[in-house]
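Colleague: My structure is in target_18.cif, and what it holds is mmCIF, C-alpha atoms:
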data_work
#
loop_
_atom_site.group_PDB
_atom_site.id
_atom_site.type_symbol
_atom_site.label_atom_id
_atom_site.label_comp_id
_atom_site.auth_asym_id
_atom_site.auth_seq_id
_atom_site.Cartn_x
_atom_site.Cartn_y
_atom_site.Cartn_z
ATOM 1 C CA MET A 938 144.280 197.548 156.480
ATOM 2 C CA SER A 939 145.457 194.750 158.779
ATOM 3 C CA ASP A 940 147.544 191.605 158.592
ATOM 4 C CA ALA A 941 144.570 189.388 159.395
ATOM 5 C CA ILE A 942 143.024 187.282 156.651
ATOM 6 C CA HIS A 943 139.934 189.069 155.366
ATOM 7 C CA THR A 944 138.511 186.183 153.297
ATOM 8 C CA THR A 945 139.423 182.538 152.781
ATOM 9 C CA VAL A 946 138.694 180.757 149.511
ATOM 10 C CA ASP A 947 138.650 177.001 149.957
ATOM 11 C CA ALA A 948 139.209 175.648 146.452
ATOM 12 C CA LYS A 949 140.517 172.260 147.504
ATOM 13 C CA GLY A 950 139.424 169.499 145.155
ATOM 14 C CA LEU A 951 138.425 171.949 142.428
ATOM 15 C CA SER A 952 140.027 171.685 139.027
ATOM 16 C CA CYS A 953 141.232 174.476 136.773
ATOM 17 C CA PRO A 954 140.059 177.235 136.436
ATOM 18 C CA MET A 955 137.799 177.133 139.507
ATOM 19 C CA PRO A 956 140.438 178.172 142.085
ATOM 20 C CA ILE A 957 141.089 181.344 140.077
ATOM 21 C CA VAL A 958 137.430 181.947 139.243
ATOM 22 C CA LYS A 959 136.364 181.602 142.871
ATOM 23 C CA THR A 960 139.225 183.833 144.007
ATOM 24 C CA ALA A 961 138.402 186.477 141.392
ATOM 25 C CA GLN A 962 134.776 186.365 142.557
ATOM 26 C CA ALA A 963 135.758 186.685 146.208
ATOM 27 C CA ALA A 964 138.232 189.480 145.403
ATOM 28 C CA LYS A 965 135.380 191.698 144.224
ATOM 29 C CA LEU A 966 134.176 191.910 147.818
ATOM 30 C CA VAL A 967 137.581 192.426 149.447
ATOM 31 C CA PRO A 968 138.786 196.013 149.993
ATOM 32 C CA ALA A 969 142.218 197.122 148.729
ATOM 33 C CA GLY A 970 145.086 196.222 151.057
ATOM 34 C CA GLU A 971 143.220 193.321 152.682
ATOM 35 C CA LEU A 972 144.396 189.719 152.507
ATOM 36 C CA ILE A 973 142.767 186.765 150.768
ATOM 37 C CA GLU A 974 143.840 183.244 151.699
ATOM 38 C CA VAL A 975 143.400 180.574 149.032
ATOM 39 C CA LEU A 976 143.661 176.828 149.566
ATOM 40 C CA ALA A 977 143.896 174.710 146.417
ATOM 41 C CA THR A 978 144.944 171.232 145.360
ATOM 42 C CA ASP A 979 145.212 171.890 141.617
ATOM 43 C CA PRO A 980 148.976 171.827 140.840
ATOM 44 C CA GLY A 981 148.317 174.217 137.945
ATOM 45 C CA SER A 982 147.250 176.839 140.463
ATOM 46 C CA VAL A 983 150.900 177.743 141.188
ATOM 47 C CA LYS A 984 151.443 179.160 137.708
ATOM 48 C CA ASP A 985 147.851 180.338 137.446
ATOM 49 C CA PHE A 986 147.992 182.464 140.594
ATOM 50 C CA ALA A 987 151.378 183.904 139.572
ATOM 51 C CA ALA A 988 149.874 184.931 136.215
ATOM 52 C CA TRP A 989 146.577 186.128 137.626
ATOM 53 C CA THR A 990 148.155 188.338 140.286
ATOM 54 C CA ARG A 991 150.629 189.785 137.780
ATOM 55 C CA SER A 992 147.830 190.621 135.414
ATOM 56 C CA THR A 993 145.365 192.003 137.946
ATOM 57 C CA GLY A 994 147.842 193.941 140.109
ATOM 58 C CA ASN A 995 147.107 191.882 143.231
ATOM 59 C CA SER A 996 150.198 190.413 144.911
ATOM 60 C CA ILE A 997 151.103 187.074 146.463
ATOM 61 C CA VAL A 998 152.582 187.790 149.891
ATOM 62 C CA GLU A 999 152.847 184.187 151.085
ATOM 63 C CA GLN A 1000 152.930 180.889 149.294
ATOM 64 C CA ALA A 1001 153.423 177.355 150.607
ATOM 65 C CA GLU A 1002 152.638 173.753 149.797
ATOM 66 C CA ASP A 1003 151.866 171.167 152.429
ATOM 67 C CA ASP A 1004 150.905 167.599 151.582
ATOM 68 C CA GLY A 1005 149.396 168.490 148.221
ATOM 69 C CA VAL A 1006 147.563 171.573 149.469
ATOM 70 C CA TYR A 1007 148.758 174.887 148.074
ATOM 71 C CA ARG A 1008 148.194 177.962 150.197
ATOM 72 C CA PHE A 1009 148.436 181.445 148.794
ATOM 73 C CA VAL A 1010 147.978 184.694 150.665
ATOM 74 C CA ILE A 1011 147.102 187.438 148.240
ATOM 75 C CA LYS A 1012 147.035 191.149 148.960
ATOM 76 C CA ARG A 1013 144.206 192.906 147.201
ATOM 77 C CA ALA A 1014 145.319 195.775 144.978
ATOM 78 C CA MET B 50 146.741 193.337 130.888
ATOM 79 C CA ASP B 51 145.740 192.873 127.289
ATOM 80 C CA ASP B 52 142.008 193.388 127.423
ATOM 81 C CA LYS B 53 141.225 192.556 123.824
ATOM 82 C CA PRO B 54 138.023 190.533 123.686
ATOM 83 C CA LEU B 55 138.205 186.784 123.480
ATOM 84 C CA ALA B 56 135.685 185.303 121.083
ATOM 85 C CA ILE B 57 134.765 181.656 121.381
ATOM 86 C CA VAL B 58 132.986 180.275 118.357
ATOM 87 C CA LEU B 59 131.361 177.260 119.936
ATOM 88 C CA PHE B 60 130.212 174.726 117.375
ATOM 89 C CA SER B 61 130.555 171.383 119.148
ATOM 90 C CA GLY B 62 127.791 170.051 121.334
ATOM 91 C CA THR B 63 129.446 167.317 123.385
ATOM 92 C CA ASP B 64 129.946 167.836 127.111
ATOM 93 C CA ASP B 65 133.765 167.671 126.930
ATOM 94 C CA LYS B 66 133.990 170.449 124.344
ATOM 95 C CA LEU B 67 131.304 172.534 126.037
ATOM 96 C CA ASN B 68 133.293 172.159 129.248
ATOM 97 C CA VAL B 69 136.608 173.343 127.807
ATOM 98 C CA ALA B 70 134.798 176.290 126.241
ATOM 99 C CA ALA B 71 133.400 177.160 129.687
ATOM 100 C CA VAL B 72 136.896 176.812 131.162
ATOM 101 C CA MET B 73 138.435 179.123 128.547
ATOM 102 C CA ALA B 74 135.624 181.655 129.016
ATOM 103 C CA SER B 75 135.829 181.717 132.798
ATOM 104 C CA GLY B 76 139.633 181.938 132.828
ATOM 105 C CA ALA B 77 139.521 184.969 130.533
ATOM 106 C CA ALA B 78 136.738 186.522 132.614
ATOM 107 C CA ALA B 79 138.871 186.110 135.753
ATOM 108 C CA LEU B 80 141.570 188.177 134.044
ATOM 109 C CA GLY B 81 139.052 190.873 133.231
ATOM 110 C CA ARG B 82 138.943 190.184 129.497
ATOM 111 C CA PRO B 83 135.619 190.615 127.723
ATOM 112 C CA VAL B 84 134.386 187.281 126.361
ATOM 113 C CA HIS B 85 131.975 186.813 123.490
ATOM 114 C CA VAL B 86 130.619 183.310 122.898
ATOM 115 C CA PHE B 87 128.958 182.618 119.541
ATOM 116 C CA LEU B 88 126.838 179.449 119.522
ATOM 117 C CA GLN B 89 126.522 177.474 116.317
ATOM 118 C CA TYR B 90 124.916 174.170 115.344
ATOM 119 C CA TRP B 91 125.337 171.435 117.945
ATOM 120 C CA ALA B 92 126.553 173.782 120.643
ATOM 121 C CA LEU B 93 123.439 175.884 120.135
ATOM 122 C CA ASP B 94 121.292 172.761 120.362
ATOM 123 C CA ALA B 95 122.858 171.975 123.752
ATOM 124 C CA PHE B 96 121.726 175.398 125.032
ATOM 125 C CA ARG B 97 118.030 174.617 124.553
ATOM 126 C CA ALA B 98 116.378 175.271 127.905
ATOM 127 C CA ASP B 99 114.900 171.768 127.984
ATOM 128 C CA ARG B 100 118.149 170.018 127.003
ATOM 129 C CA ILE B 101 120.946 171.977 128.653
ATOM 130 C CA LYS B 102 121.171 169.614 131.638
ATOM 131 C CA ASN B 103 121.070 166.462 129.490
ATOM 132 C CA ASP B 104 124.011 164.162 128.971
ATOM 133 C CA HIS B 105 125.452 165.455 125.690
ATOM 134 C CA GLY B 106 128.010 162.671 125.341
ATOM 135 C CA LEU B 107 131.686 163.065 124.540
ATOM 136 C CA ALA B 108 133.745 163.563 121.401
ATOM 137 C CA ALA B 109 134.313 160.379 119.420
ATOM 138 C CA GLU B 110 137.974 160.186 120.424
ATOM 139 C CA ALA B 111 137.090 159.882 124.123
ATOM 140 C CA GLY B 112 136.621 156.113 124.017
ATOM 141 C CA ALA B 113 135.744 154.060 127.072
ATOM 142 C CA GLU B 114 138.777 155.176 129.059
ATOM 143 C CA GLY B 115 138.106 158.861 128.427
ATOM 144 C CA LYS B 116 134.463 158.410 129.340
ATOM 145 C CA ALA B 117 135.441 156.801 132.644
ATOM 146 C CA ALA B 118 137.858 159.655 133.406
ATOM 147 C CA VAL B 119 135.210 162.308 132.721
ATOM 148 C CA GLU B 120 132.639 160.437 134.799
ATOM 149 C CA ALA B 121 135.102 160.216 137.698
ATOM 150 C CA LEU B 122 135.622 163.996 137.583
ATOM 151 C CA ARG B 123 131.870 164.512 137.542
ATOM 152 C CA ALA B 124 131.426 162.174 140.497
ATOM 153 C CA ALA B 125 134.131 164.124 142.356
ATOM 154 C CA GLY B 126 131.890 167.182 142.116
ATOM 155 C CA GLN B 127 133.283 169.055 139.109
ATOM 156 C CA ALA B 128 130.762 171.744 138.195
ATOM 157 C CA PRO B 129 128.876 171.065 134.955
ATOM 158 C CA TRP B 130 129.830 173.352 132.073
ATOM 159 C CA TYR B 131 126.642 175.426 132.225
ATOM 160 C CA GLU B 132 127.334 176.243 135.889
ATOM 161 C CA THR B 133 130.918 177.233 135.033
ATOM 162 C CA LEU B 134 129.539 179.531 132.326
ATOM 163 C CA ALA B 135 127.003 181.021 134.724
ATOM 164 C CA MET B 136 129.858 181.723 137.138
ATOM 165 C CA ALA B 137 131.903 183.331 134.341
ATOM 166 C CA LYS B 138 128.959 185.596 133.477
ATOM 167 C CA ASP B 139 128.589 186.549 137.106
ATOM 168 C CA LEU B 140 132.299 187.278 137.397
ATOM 169 C CA GLY B 141 133.019 189.321 134.325
ATOM 170 C CA ASN B 142 131.892 190.652 131.002
ATOM 171 C CA VAL B 143 130.751 187.467 129.253
ATOM 172 C CA GLU B 144 128.164 187.611 126.518
ATOM 173 C CA ILE B 145 126.614 184.556 124.877
ATOM 174 C CA GLN B 146 124.963 184.978 121.495
ATOM 175 C CA ALA B 147 123.194 182.454 119.285
ATOM 176 C CA CYS B 148 124.125 182.321 115.591
ATOM 177 C CA SER B 149 121.027 183.261 113.614
ATOM 178 C CA LEU B 150 121.806 180.845 110.779
ATOM 179 C CA SER B 151 122.041 177.966 113.253
ATOM 180 C CA MET B 152 118.729 179.071 114.804
ATOM 181 C CA ASP B 153 117.121 178.728 111.355
ATOM 182 C CA VAL B 154 118.811 175.417 110.540
ATOM 183 C CA LEU B 155 117.717 173.826 113.815
ATOM 184 C CA GLY B 156 114.329 175.520 113.952
ATOM 185 C CA ILE B 157 115.072 177.124 117.313
ATOM 186 C CA GLU B 158 113.448 180.306 118.598
ATOM 187 C CA GLU B 159 114.889 182.532 121.312
ATOM 188 C CA LYS B 160 112.216 181.420 123.750
ATOM 189 C CA ASP B 161 113.532 177.832 123.408
ATOM 190 C CA LEU B 162 116.975 178.805 124.716
ATOM 191 C CA ASP B 163 118.319 178.765 128.238
ATOM 192 C CA PRO B 164 118.542 182.225 129.875
ATOM 193 C CA LEU B 165 122.351 181.938 129.757
ATOM 194 C CA VAL B 166 121.993 182.998 126.126
ATOM 195 C CA ASP B 167 121.781 186.786 125.815
ATOM 196 C CA GLY B 168 120.422 187.030 122.283
ATOM 197 C CA THR B 169 120.786 186.191 118.617
ATOM 198 C CA GLU B 170 123.122 187.741 116.077
ATOM 199 C CA GLY B 171 124.429 187.148 112.570
ATOM 200 C CA VAL B 172 128.046 186.665 111.655
ATOM 201 C CA THR B 173 128.495 190.333 110.714
ATOM 202 C CA ALA B 174 127.322 191.535 114.109
ATOM 203 C CA PHE B 175 129.637 188.942 115.654
ATOM 204 C CA TYR B 176 132.699 190.304 113.832
ATOM 205 C CA ILE B 177 131.811 193.870 114.688
ATOM 206 C CA ALA B 178 131.268 192.941 118.341
ATOM 207 C CA ILE B 179 134.657 191.279 118.734
ATOM 208 C CA GLY B 180 136.642 193.906 116.811
ATOM 209 C CA ASP B 181 140.284 192.879 116.789
ATOM 210 C CA GLY B 182 139.846 190.302 119.548
ATOM 211 C CA GLN B 183 141.123 186.759 119.368
ATOM 212 C CA ILE B 184 138.922 183.948 118.096
ATOM 213 C CA LEU B 185 138.852 180.386 119.365
ATOM 214 C CA PHE B 186 136.882 177.791 117.450
ATOM 215 C CA ILE B 187 135.729 174.821 119.471
#
Give the structure from this file in structure tokens form.
Modeller:
Amino acid sequence: MSDAIHTTVDAKGLSCPMPIVKTAQAAKLVPAGELIEVLATDPGSVKDFAAWTRSTGNSIVEQAEDDGVYRFVIKRA
Amino acid sequence: MDDKPLAIVLFSGTDDKLNVAAVMASGAAALGRPVHVFLQYWALDAFRADRIKNDHGLAAEAGAEGKAAVEALRAAGQAPWYETLAMAKDLGNVEIQACSLSMDVLGIEEKDLDPLVDGTEGVTAFYIAIGDGQILFI
């Protein structure tokens, strides 16, 4: 395990539920403890990622919004 | 997480309704819920291998403004519903079954259907397959 980003999911411009679907797909290939970075522009992704991580056991370790782009760093359970 | 199956009884064959069905299916798949899609009537017709990529129109309430909004999303690169469904199948446990009554009504055989469709079943098999899962009718 390291603090470096293992995988980045660029979901900018994609509408619901694609940011979550693409992240869930990517997460299958990411080992436990590693970090996934997600970039999204769908405002619904804030609540969606909160719900998805709660339900799947993954955790959001960083979250920010800059000029309409949401960035989440998710630790793989 | 509640992993009760989600059943989507998909009756409507317009692109807007097919798209929301694909959205609901893929969202549930991302949460690890089993999804069972049951295709009836006009939805089943839209899954014919030679028609799946056609323009299936929009629900009557869309109007000109709604049509323009959907076309703008499409132009912006939104994945078509059948690609979203393919992604959902790849991601999780998503099964798509054709309703056998609808197959008879429309004169469709399994070989006429897109490979996204896993098989044909009657309503009894559908209820047994979904157990005490939730049902959405679209």
Colleague: Rounded to one decimal, what separation in Å do you get between CA of Phe986 (chain A) and CA of Gly76 (chain B)?
Modeller: 11.4 Å
Colleague: In Å to one decimal, how far is CA of Thr63 (chain B) from CA of Val84 (chain B)?
Modeller: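 These two atoms are separated by 20.8 Å.
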Colleague: Determine the axis-aligned bounding box of all atoms of region 988-1001 of chain A present in the file, pad each side by 5 Å, and express its centre and edge lengths in Å to one decimal place as JSON.
Modeller:
{"center_x": 149.4, "center_y": 185.6, "center_z": 143.2, "size_x": 18.1, "size_y": 26.6, "size_z": 25.7}
Colleague: With all atoms listed in the file as the basis for distance, which of A:Ala988, A:Leu976, A:Val967, A:Val998 is at the shortest distance from chain B?
Modeller: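 Result for the nearest residue to chain B: A:Ala988.
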Colleague: Taking (137.8, 188.3, 153.4) in the file's coordinates, which residues come within 8 Å, counting all atoms listed in the file, written as a VMD selection string?
Modeller: chain A and resid 942 to 945 963 966 to 967 971 to 973
Colleague: Check every residue of chain A for an atom within 9 Å of chain B, counting only C-alpha atoms, and provide those that qualify as a ChimeraX atom specification.
Modeller: /A:950-955,957-962,965,989,991-993
Colleague: Figure out the distance between CA of Ala941 (chain A) and CA of Val983 (chain A), please, to one decimal in Å.
Modeller: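 Pair CA of Val983 (chain A) / CA of Ala941 (chain A) returns 22.5 Å.
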Colleague: Pick from A:Ala948, A:Ala977, A:Val1006, A:Ala1014: nearest to Thr990 (chain A), with all atoms listed in the file counted?
Modeller: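 Using all atoms listed in the file, Thr990 (chain A) sits closest to A:Ala1014.
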Colleague: To test your reading of the syntax: which residues would the PyMOL selection byres ((chain B and resi 87-92) around 7) return for the file shown? Reply as a list of chain:residue names.
Modeller: B:Ile57, B:Val58, B:Leu59, B:Phe60, B:Ser61, B:Gly62, B:His85, B:Val86, B:Leu93, B:Asp94, B:Ala95, B:Phe96, B:Ile145, B:Gln146, B:Ala147, B:Cys148, B:Ser151
Colleague: Take the PyMOL selection byres ((chain B and resi 106) around 8), apply it to the structure above, and return the hits as a PyMOL selection string.
Modeller: chain B and resi 63-65+104-105+107-108
Colleague: Take the residues from that selection and write them out as an mmCIF file, keeping the file's coordinate frame, keeping C-alpha atoms.
Modeller:
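The resulting file, out-v8.cif, is reproduced below:
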data_model
loop_
_atom_site.group_PDB
_atom_site.id
_atom_site.type_symbol
_atom_site.label_atom_id
_atom_site.label_comp_id
_atom_site.auth_asym_id
_atom_site.auth_seq_id
_atom_site.Cartn_x
_atom_site.Cartn_y
_atom_site.Cartn_z
ATOM 1 C CA THR B 63 129.446 167.317 123.385
ATOM 2 C CA ASP B 64 129.946 167.836 127.111
ATOM 3 C CA ASP B 65 133.765 167.671 126.930
ATOM 4 C CA ASP B 104 124.011 164.162 128.971
ATOM 5 C CA HIS B 105 125.452 165.455 125.690
ATOM 6 C CA LEU B 107 131.686 163.065 124.540
ATOM 7 C CA ALA B 108 133.745 163.563 121.401
#
Colleague: Could I get region 58-83 of chain B rebuilt with N, CA, C and O atoms, written as an mmCIF file, in the frame of the given file?
Modeller:
data_model
loop_
_atom_site.group_PDB
_atom_site.id
_atom_site.type_symbol
_atom_site.label_atom_id
_atom_site.label_comp_id
_atom_site.auth_asym_id
_atom_site.auth_seq_id
_atom_site.Cartn_x
_atom_site.Cartn_y
_atom_site.Cartn_z
ATOM 1 N N VAL B 58 133.994 180.771 119.276
ATOM 2 C CA VAL B 58 132.986 180.275 118.357
ATOM 3 C C VAL B 58 132.766 178.819 118.751
ATOM 4 O O VAL B 58 133.638 177.970 118.577
ATOM 5 N N LEU B 59 131.619 178.568 119.346
ATOM 6 C CA LEU B 59 131.361 177.260 119.936
ATOM 7 C C LEU B 59 130.399 176.501 119.027
ATOM 8 O O LEU B 59 129.222 176.854 118.919
ATOM 9 N N PHE B 60 130.941 175.496 118.386
ATOM 10 C CA PHE B 60 130.212 174.726 117.375
ATOM 11 C C PHE B 60 129.815 173.351 117.906
ATOM 12 O O PHE B 60 128.766 172.819 117.600
ATOM 13 N N SER B 61 130.713 172.771 118.714
ATOM 14 C CA SER B 61 130.555 171.383 119.148
ATOM 15 C C SER B 61 129.589 171.261 120.315
ATOM 16 O O SER B 61 129.564 172.105 121.204
ATOM 17 N N GLY B 62 128.841 170.189 120.327
ATOM 18 C CA GLY B 62 127.791 170.051 121.334
ATOM 19 C C GLY B 62 127.990 168.915 122.314
ATOM 20 O O GLY B 62 127.057 168.527 123.010
ATOM 21 N N THR B 63 129.215 168.374 122.396
ATOM 22 C CA THR B 63 129.446 167.317 123.385
ATOM 23 C C THR B 63 129.933 167.946 124.694
ATOM 24 O O THR B 63 130.532 169.024 124.696
ATOM 25 N N ASP B 64 129.672 167.253 125.791
ATOM 26 C CA ASP B 64 129.946 167.836 127.111
ATOM 27 C C ASP B 64 131.421 168.177 127.322
ATOM 28 O O ASP B 64 131.736 169.157 127.998
ATOM 29 N N ASP B 65 132.342 167.377 126.746
ATOM 30 C CA ASP B 65 133.765 167.671 126.930
ATOM 31 C C ASP B 65 134.136 168.999 126.274
ATOM 32 O O ASP B 65 134.827 169.841 126.854
ATOM 33 N N LYS B 66 133.639 169.212 125.053
ATOM 34 C CA LYS B 66 133.990 170.449 124.344
ATOM 35 C C LYS B 66 133.257 171.661 124.930
ATOM 36 O O LYS B 66 133.822 172.757 125.013
ATOM 37 N N LEU B 67 132.025 171.446 125.363
ATOM 38 C CA LEU B 67 131.304 172.534 126.037
ATOM 39 C C LEU B 67 132.033 172.908 127.327
ATOM 40 O O LEU B 67 132.129 174.081 127.689
ATOM 41 N N ASN B 68 132.586 171.884 127.989
ATOM 42 C CA ASN B 68 133.293 172.159 129.248
ATOM 43 C C ASN B 68 134.580 172.949 129.012
ATOM 44 O O ASN B 68 134.848 173.916 129.735
ATOM 45 N N VAL B 69 135.376 172.563 128.014
ATOM 46 C CA VAL B 69 136.608 173.343 127.807
ATOM 47 C C VAL B 69 136.283 174.767 127.354
ATOM 48 O O VAL B 69 137.006 175.710 127.701
ATOM 49 N N ALA B 70 135.197 174.930 126.627
ATOM 50 C CA ALA B 70 134.798 176.290 126.241
ATOM 51 C C ALA B 70 134.461 177.106 127.491
ATOM 52 O O ALA B 70 134.857 178.270 127.618
ATOM 53 N N ALA B 71 133.756 176.472 128.435
ATOM 54 C CA ALA B 71 133.400 177.160 129.687
ATOM 55 C C ALA B 71 134.657 177.488 130.489
ATOM 56 O O ALA B 71 134.751 178.558 131.112
ATOM 57 N N VAL B 72 135.632 176.588 130.459
ATOM 58 C CA VAL B 72 136.896 176.812 131.162
ATOM 59 C C VAL B 72 137.639 178.002 130.540
ATOM 60 O O VAL B 72 138.112 178.905 131.249
ATOM 61 N N MET B 73 137.740 178.023 129.219
ATOM 62 C CA MET B 73 138.435 179.123 128.547
ATOM 63 C C MET B 73 137.723 180.453 128.806
ATOM 64 O O MET B 73 138.372 181.484 129.029
ATOM 65 N N ALA B 74 136.401 180.425 128.791
ATOM 66 C CA ALA B 74 135.624 181.655 129.016
ATOM 67 C C ALA B 74 135.817 182.154 130.447
ATOM 68 O O ALA B 74 136.050 183.350 130.673
ATOM 69 N N SER B 75 135.752 181.254 131.411
ATOM 70 C CA SER B 75 135.829 181.717 132.798
ATOM 71 C C SER B 75 137.245 182.169 133.152
ATOM 72 O O SER B 75 137.422 183.119 133.918
ATOM 73 N N GLY B 76 138.248 181.507 132.584
ATOM 74 C CA GLY B 76 139.633 181.938 132.828
ATOM 75 C C GLY B 76 139.868 183.343 132.297
ATOM 76 O O GLY B 76 140.492 184.178 132.964
ATOM 77 N N ALA B 77 139.362 183.630 131.107
ATOM 78 C CA ALA B 77 139.521 184.969 130.533
ATOM 79 C C ALA B 77 138.747 185.994 131.359
ATOM 80 O O ALA B 77 139.232 187.103 131.606
ATOM 81 N N ALA B 78 137.555 185.603 131.807
ATOM 82 C CA ALA B 78 136.738 186.522 132.614
ATOM 83 C C ALA B 78 137.452 186.861 133.921
ATOM 84 O O ALA B 78 137.399 188.001 134.386
ATOM 85 N N ALA B 79 138.158 185.872 134.491
ATOM 86 C CA ALA B 79 138.871 186.110 135.753
ATOM 87 C C ALA B 79 140.000 187.113 135.563
ATOM 88 O O ALA B 79 140.407 187.791 136.496
ATOM 89 N N LEU B 80 140.511 187.207 134.344
ATOM 90 C CA LEU B 80 141.570 188.177 134.044
ATOM 91 C C LEU B 80 140.997 189.528 133.614
ATOM 92 O O LEU B 80 141.738 190.442 133.282
ATOM 93 N N GLY B 81 139.681 189.614 133.597
ATOM 94 C CA GLY B 81 139.052 190.873 133.231
ATOM 95 C C GLY B 81 138.899 191.082 131.739
ATOM 96 O O GLY B 81 138.594 192.191 131.289
ATOM 97 N N ARG B 82 139.114 190.027 130.951
ATOM 98 C CA ARG B 82 138.943 190.184 129.497
ATOM 99 C C ARG B 82 137.474 190.015 129.120
ATOM 100 O O ARG B 82 136.817 189.100 129.598
ATOM 101 N N PRO B 83 136.971 190.845 128.220
ATOM 102 C CA PRO B 83 135.619 190.615 127.723
ATOM 103 C C PRO B 83 135.592 189.317 126.912
ATOM 104 O O PRO B 83 136.539 189.029 126.182
#
